Amino acid sequence: MEKLRLNGKKQFRNRLLVLLLVLLGGYSYSITPQQVRAITIVPQENVFFTNQELLYVLKIPGVVPAEVITQLGSLPEGINFVSSRRMEYFEEDDTSGTRIEFWFVFRDTGKKVIPPLSVSIKGARYNIPFDPVELYENPKTIAPRMVLEIKNKKTITSNAVTKKGANDFTVTANEPVEFMLYVQYATGIKNFGYEIPKDSFFEETKRFFSKDNNEFDTSFSQEMVPVASFTWTVLKGGKFSLPNIRMIAGAYSGRNVEISFPECTVTSVVTPASNSRQKKDELIFAYALTPSNEEKIEEDKIEVMPAHIEQIAALRVKERHTLFGLSKIKKQRVQAEREIGITASQGEANIPHTIICVVAFFALVAVIILLFVFHKKSLAFIFIAVELPVACFALIGSLSASKTYGIVQSGSISPVPEDSALTSTAVTLGTRVQILEKTENWYYIQYDQNGGWIKKNCILVVK
């Protein structure tokens with residue numbers, strides 16, 4: 001009897017201990033409604049991209065996972081729910097609670113807000129909001145772009161989709177316009193260049209990168225990186241195209257992307273004030289193309305006769321079309337140029353050699369195809385190795401042969417194709433120049449990194 005009484009007391013103590021532990025446990029996991037209302041569902045990244053799974057985390061302290069029930073409502077278009085999971089978490093300060101993770105995918109860029117999450121905690125229902133996020137295009141698909149800021153005019157981006165004429169603007173003739181060029185969403189600049197527009201001055205005033213410093217931080221950034229600044233002065237009235245600026249930039253995907261600006265028409269308006277500045281601007285043009293005093297003195301010592309120019313032009317034509325004896329012709333041409341003071345000049349693209357390379361390329365292609373047909377793969381790869389340099393020579397030769405060059409036999413360069421131009425600049429006779437454009441009576445030529453107009457009868461074209 002005494003034994004049964006002692007066992008009953010022991011069971012009572014055990015039950016009392018269990019009840020005490022439950023009460024203590026319930027107290028340790030308690031949370032007030034005010035604390036719940038202060039909770040938000042927090043994204044776990046600093047920058048967010050489209051078409052990529054994004055993680056949100058809800059942490060409810062003092063509550064075990066079994067006491068939490070969640071219900072996600074309807075999502076806006078463009079937001080997809082992927083999955084979720086819940087677990088108990090423990091902090092270093094001995095606090096614990098429930099952690100719930102949500103994964104979503106967003107299709108569109110911009111500021112996005114997910115509707116509040118309905119959460120039941122120990123039977124009490126709350127609406128807990130998601131923190132808003134700003135979505136950017138996924139770096140794996142985003143392409144680098146150039147941004148051109150035109151002072152007091154507008155900003156033009158290379159990949160913007162705009163209506164026809166949206167990028168057009170107006171300038172005043174003979175009045176400089178300042179440009180600032182940026183690149184965005186790029187890991188570096190691989191190549192950069194521009195064409196000097198005709199009938200205008202186009203000057204690069206500053207470059208913000210160099211060959212040794214053309215790589216950027218590879219982590220995603222919206223920052224616009226400065227590339228170069230320019231000034232552009234149109235010399236007459238009329239319709240002009242935006243200067244042709246081109247760039248090859250590295251993308252976040254690892255590809256190299258060629259970038260250029262969309263079509264843009266610039267209207268140049270002549271005003272009385274701009275006419276007064278024209279003379280000064282054309283004198284600057286003349287100064288840019290005028291040889292130094294030392295060069296003038298040297299030129300004055302040499303009397304260039306028309307026969308000299310005709311001889312140089314004839315030798316260049318032979319150099320362009322002769323298959324054999326090319327080295328001898330080159331020596332004769334170089335000697336003839338030295339006699340009139342031209343000490344450095346480029347040779348002509350040889351058309352017969354280019355034709356041979358092109359024919360050899362197609363012949364090798366045919367041979368390689370036959371070798372693969374007859375399962376001679378090892379021999380085919382040898383021919384492929386031979387074909388690569390042939391293809392390079394054929395391509396380079398074809399590009400060079402397609403350009404038009406001429407020899408200056410008289411005349412001078414003007415900033416505009418008009419006889420009434422206020423100034424013109426003499427060109428060294430016998431100089432080889434590239435012909436970029438032509439009108440009825442004028443050629444637009446490239447001379448000493450500058451461009452200008454010269455009358456057709458002043459040029460002997462090397463055909």
# chains A, B, ... in the order shown; residues from 1 in each chain; ligands from 1
call {"tool": "residues_around", "arguments": {"residues": "Asn167 (chain A)", "least_positions_apart": "6", "cutoff": "12 Å", "atoms": "only C-alpha atoms", "output": "PyMOL selection string"}}
result
chain A and resi 148-150+153-158+160-161+241-242+261-267
call {"tool": "select_by_dssp", "arguments": {"residues": "region 12-132 of chain A", "states": "helix (DSSP H, G or I)", "output": "list in words"}}
result
Phe12, Arg13, Asn14, Arg15, Leu16, Leu17, Val18, Leu19, Leu20, Leu21, Val22, Leu23, Leu24, Gly25, Gly26, Tyr27, Ser28, Pro33, Gln34, Gln35, Val36, Arg37, Pro65, Ala66 and Glu67 of chain A
call {"tool": "write_last_selection", "arguments": {"atoms": "C-alpha atoms", "output": "mmCIF file, in the first residue's frame"}}
result
data_model
loop_
_atom_site.group_PDB
_atom_site.id
_atom_site.type_symbol
_atom_site.label_atom_id
_atom_site.label_comp_id
_atom_site.auth_asym_id
_atom_site.auth_seq_id
_atom_site.Cartn_x
_atom_site.Cartn_y
_atom_site.Cartn_z
ATOM 1 C CA PHE A 12 2.218 13.519 -9.981
ATOM 2 C CA ARG A 13 5.641 15.197 -9.806
ATOM 3 C CA ASN A 14 6.497 14.039 -13.330
ATOM 4 C CA ARG A 15 3.215 15.415 -14.698
ATOM 5 C CA LEU A 16 3.759 18.685 -12.875
ATOM 6 C CA LEU A 17 7.250 18.930 -14.358
ATOM 7 C CA VAL A 18 5.919 18.287 -17.873
ATOM 8 C CA LEU A 19 3.224 20.931 -17.409
ATOM 9 C CA LEU A 20 5.844 23.417 -16.204
ATOM 10 C CA LEU A 21 8.062 22.724 -19.229
ATOM 11 C CA VAL A 22 5.117 23.228 -21.598
ATOM 12 C CA LEU A 23 4.253 26.519 -19.960
ATOM 13 C CA LEU A 24 7.866 27.678 -20.126
ATOM 14 C CA GLY A 25 8.070 26.567 -23.738
ATOM 15 C CA GLY A 26 4.914 28.450 -24.604
ATOM 16 C CA TYR A 27 6.280 31.561 -22.957
ATOM 17 C CA SER A 28 9.624 31.370 -24.808
ATOM 18 C CA PRO A 33 0.706 41.441 -32.405
ATOM 19 C CA GLN A 34 2.719 44.691 -32.400
ATOM 20 C CA GLN A 35 5.900 42.705 -33.128
ATOM 21 C CA VAL A 36 4.211 40.831 -35.981
ATOM 22 C CA ARG A 37 3.016 44.072 -37.596
ATOM 23 C CA PRO A 65 7.003 26.279 -37.523
ATOM 24 C CA ALA A 66 4.000 24.138 -36.566
ATOM 25 C CA GLU A 67 2.204 27.255 -35.292
#
call {"tool": "residues_around", "arguments": {"residues": "region 113-118 of chain A", "least_positions_apart": "4", "cutoff": "8 Å", "atoms": "only C-alpha atoms", "output": "PyMOL selection string"}}
result
chain A and resi 70-76+125-133
call {"tool": "write_last_selection", "arguments": {"atoms": "N, CA, C and O atoms", "output": "PDB file, in the first residue's frame"}}
result
ATOM      1  N   THR A  70       0.744  29.835 -43.805  1.00  0.00           N
ATOM      2  CA  THR A  70       0.816  30.944 -44.764  1.00  0.00           C
ATOM      3  C   THR A  70      -0.064  30.670 -45.973  1.00  0.00           C
ATOM      4  O   THR A  70      -0.309  29.507 -46.343  1.00  0.00           O
ATOM      5  N   GLN A  71      -0.554  31.744 -46.569  1.00  0.00           N
ATOM      6  CA  GLN A  71      -1.356  31.636 -47.784  1.00  0.00           C
ATOM      7  C   GLN A  71      -0.988  32.790 -48.716  1.00  0.00           C
ATOM      8  O   GLN A  71      -1.158  33.953 -48.363  1.00  0.00           O
ATOM      9  N   LEU A  72      -0.481  32.446 -49.910  1.00  0.00           N
ATOM     10  CA  LEU A  72      -0.078  33.444 -50.899  1.00  0.00           C
ATOM     11  C   LEU A  72      -1.242  33.745 -51.825  1.00  0.00           C
ATOM     12  O   LEU A  72      -1.871  32.831 -52.383  1.00  0.00           O
ATOM     13  N   GLY A  73      -1.567  35.029 -51.987  1.00  0.00           N
ATOM     14  CA  GLY A  73      -2.687  35.414 -52.830  1.00  0.00           C
ATOM     15  C   GLY A  73      -2.324  35.453 -54.304  1.00  0.00           C
ATOM     16  O   GLY A  73      -1.263  34.987 -54.729  1.00  0.00           O
ATOM     17  N   SER A  74      -3.199  36.024 -55.100  1.00  0.00           N
ATOM     18  CA  SER A  74      -2.966  36.133 -56.539  1.00  0.00           C
ATOM     19  C   SER A  74      -1.818  37.095 -56.807  1.00  0.00           C
ATOM     20  O   SER A  74      -1.719  38.159 -56.183  1.00  0.00           O
ATOM     21  N   LEU A  75      -0.965  36.729 -57.755  1.00  0.00           N
ATOM     22  CA  LEU A  75       0.204  37.540 -58.086  1.00  0.00           C
ATOM     23  C   LEU A  75      -0.065  38.386 -59.320  1.00  0.00           C
ATOM     24  O   LEU A  75      -0.774  37.944 -60.246  1.00  0.00           O
ATOM     25  N   PRO A  76       0.514  39.592 -59.404  1.00  0.00           N
ATOM     26  CA  PRO A  76       0.370  40.417 -60.614  1.00  0.00           C
ATOM     27  C   PRO A  76       0.997  39.726 -61.823  1.00  0.00           C
ATOM     28  O   PRO A  76       1.868  38.862 -61.690  1.00  0.00           O
ATOM     29  N   ARG A 125      -4.613  35.874 -37.376  1.00  0.00           N
ATOM     30  CA  ARG A 125      -4.264  36.109 -38.789  1.00  0.00           C
ATOM     31  C   ARG A 125      -3.720  37.527 -38.981  1.00  0.00           C
ATOM     32  O   ARG A 125      -4.248  38.492 -38.445  1.00  0.00           O
ATOM     33  N   TYR A 126      -2.636  37.602 -39.799  1.00  0.00           N
ATOM     34  CA  TYR A 126      -1.973  38.873 -40.101  1.00  0.00           C
ATOM     35  C   TYR A 126      -1.686  38.937 -41.597  1.00  0.00           C
ATOM     36  O   TYR A 126      -1.569  37.902 -42.276  1.00  0.00           O
ATOM     37  N   ASN A 127      -1.542  40.149 -42.125  1.00  0.00           N
ATOM     38  CA  ASN A 127      -1.072  40.381 -43.490  1.00  0.00           C
ATOM     39  C   ASN A 127       0.327  40.992 -43.415  1.00  0.00           C
ATOM     40  O   ASN A 127       0.494  42.140 -42.967  1.00  0.00           O
ATOM     41  N   ILE A 128       1.337  40.233 -43.810  1.00  0.00           N
ATOM     42  CA  ILE A 128       2.726  40.680 -43.714  1.00  0.00           C
ATOM     43  C   ILE A 128       3.189  41.105 -45.106  1.00  0.00           C
ATOM     44  O   ILE A 128       3.132  40.314 -46.057  1.00  0.00           O
ATOM     45  N   PRO A 129       3.657  42.348 -45.257  1.00  0.00           N
ATOM     46  CA  PRO A 129       4.020  42.852 -46.595  1.00  0.00           C
ATOM     47  C   PRO A 129       5.387  42.358 -47.061  1.00  0.00           C
ATOM     48  O   PRO A 129       6.283  42.088 -46.258  1.00  0.00           O
ATOM     49  N   PHE A 130       5.541  42.282 -48.399  1.00  0.00           N
ATOM     50  CA  PHE A 130       6.837  42.055 -49.036  1.00  0.00           C
ATOM     51  C   PHE A 130       7.495  43.414 -49.272  1.00  0.00           C
ATOM     52  O   PHE A 130       6.833  44.371 -49.681  1.00  0.00           O
ATOM     53  N   ASP A 131       8.791  43.497 -49.037  1.00  0.00           N
ATOM     54  CA  ASP A 131       9.510  44.723 -49.364  1.00  0.00           C
ATOM     55  C   ASP A 131       9.522  44.925 -50.880  1.00  0.00           C
ATOM     56  O   ASP A 131       9.731  43.963 -51.642  1.00  0.00           O
ATOM     57  N   PRO A 132       9.325  46.156 -51.387  1.00  0.00           N
ATOM     58  CA  PRO A 132       9.384  46.394 -52.840  1.00  0.00           C
ATOM     59  C   PRO A 132      10.809  46.243 -53.360  1.00  0.00           C
ATOM     60  O   PRO A 132      11.783  46.445 -52.623  1.00  0.00           O
ATOM     61  N   VAL A 133      10.943  45.912 -54.642  1.00  0.00           N
ATOM     62  CA  VAL A 133      12.258  45.745 -55.265  1.00  0.00           C
ATOM     63  C   VAL A 133      12.270  46.451 -56.617  1.00  0.00           C
ATOM     64  O   VAL A 133      11.233  46.631 -57.246  1.00  0.00           O
TER      65      VAL A 133
END
call {"tool": "atom_distance", "arguments": {"atom1": "CA of Ser378 (chain A)", "atom2": "CA of Phe393 (chain A)"}}
result
24.2 Å
call {"tool": "residues_around", "arguments": {"residues": "region 318-320 of chain A", "least_positions_apart": "5", "cutoff": "9 Å", "atoms": "only C-alpha atoms", "output": "VMD selection string"}}
result
chain A and resid 313 326 to 327 329 to 330 333 347 to 352 401 462 to 463
call {"tool": "residues_around", "arguments": {"residues": "Lys112 (chain A)", "least_positions_apart": "4", "cutoff": "12 Å", "atoms": "only C-alpha atoms", "output": "list in words"}}
result
Pro43, Phe48, Phe49, Thr50, Leu75, Pro76, Glu77, Gly78, Ile79, Phe104, Val105, Phe106, Arg107, Asp108, Phe130, Asp131, Pro132, Val133, Glu134, Leu135 and Tyr136 of chain A
call {"tool": "closest_residue", "arguments": {"among": "A:Arg145, A:Lys331, A:His321, A:Arg338", "to": "Val257 (chain A)", "atoms": "only C-alpha atoms"}}
result
A:Arg145
call {"tool": "atom_distance", "arguments": {"atom1": "CA of Ser229 (chain A)", "atom2": "CA of Thr205 (chain A)"}}
result
5.5 Å
call {"tool": "select_by_dssp", "arguments": {"residues": "region 333-445 of chain A", "states": "strand (DSSP E)", "output": "CSV table (one decimal) with C-alpha atoms, in the first residue's frame"}}
result
chain,number,residue,atom,x,y,z
A,405,TYR,CA,42.7,56.5,-104.3
A,406,GLY,CA,44.0,59.4,-106.4
A,407,ILE,CA,47.1,61.5,-106.8
A,408,VAL,CA,46.9,65.3,-106.3
A,412,SER,CA,43.6,73.0,-102.9
A,413,ILE,CA,41.3,71.6,-100.3
A,425,THR,CA,44.5,75.1,-98.3
A,426,ALA,CA,47.2,73.8,-100.7
A,432,ARG,CA,48.2,59.9,-102.5
A,433,VAL,CA,44.7,60.6,-101.0
A,434,GLN,CA,41.7,58.5,-100.5
A,435,ILE,CA,38.5,59.5,-102.2
A,436,LEU,CA,35.6,59.1,-99.9
A,437,GLU,CA,32.8,60.8,-101.8
A,438,LYS,CA,32.1,62.6,-105.0
A,442,TRP,CA,34.1,67.7,-106.5
A,443,TYR,CA,35.8,64.9,-104.5
A,444,TYR,CA,35.7,64.6,-100.8
A,445,ILE,CA,39.2,63.3,-99.8
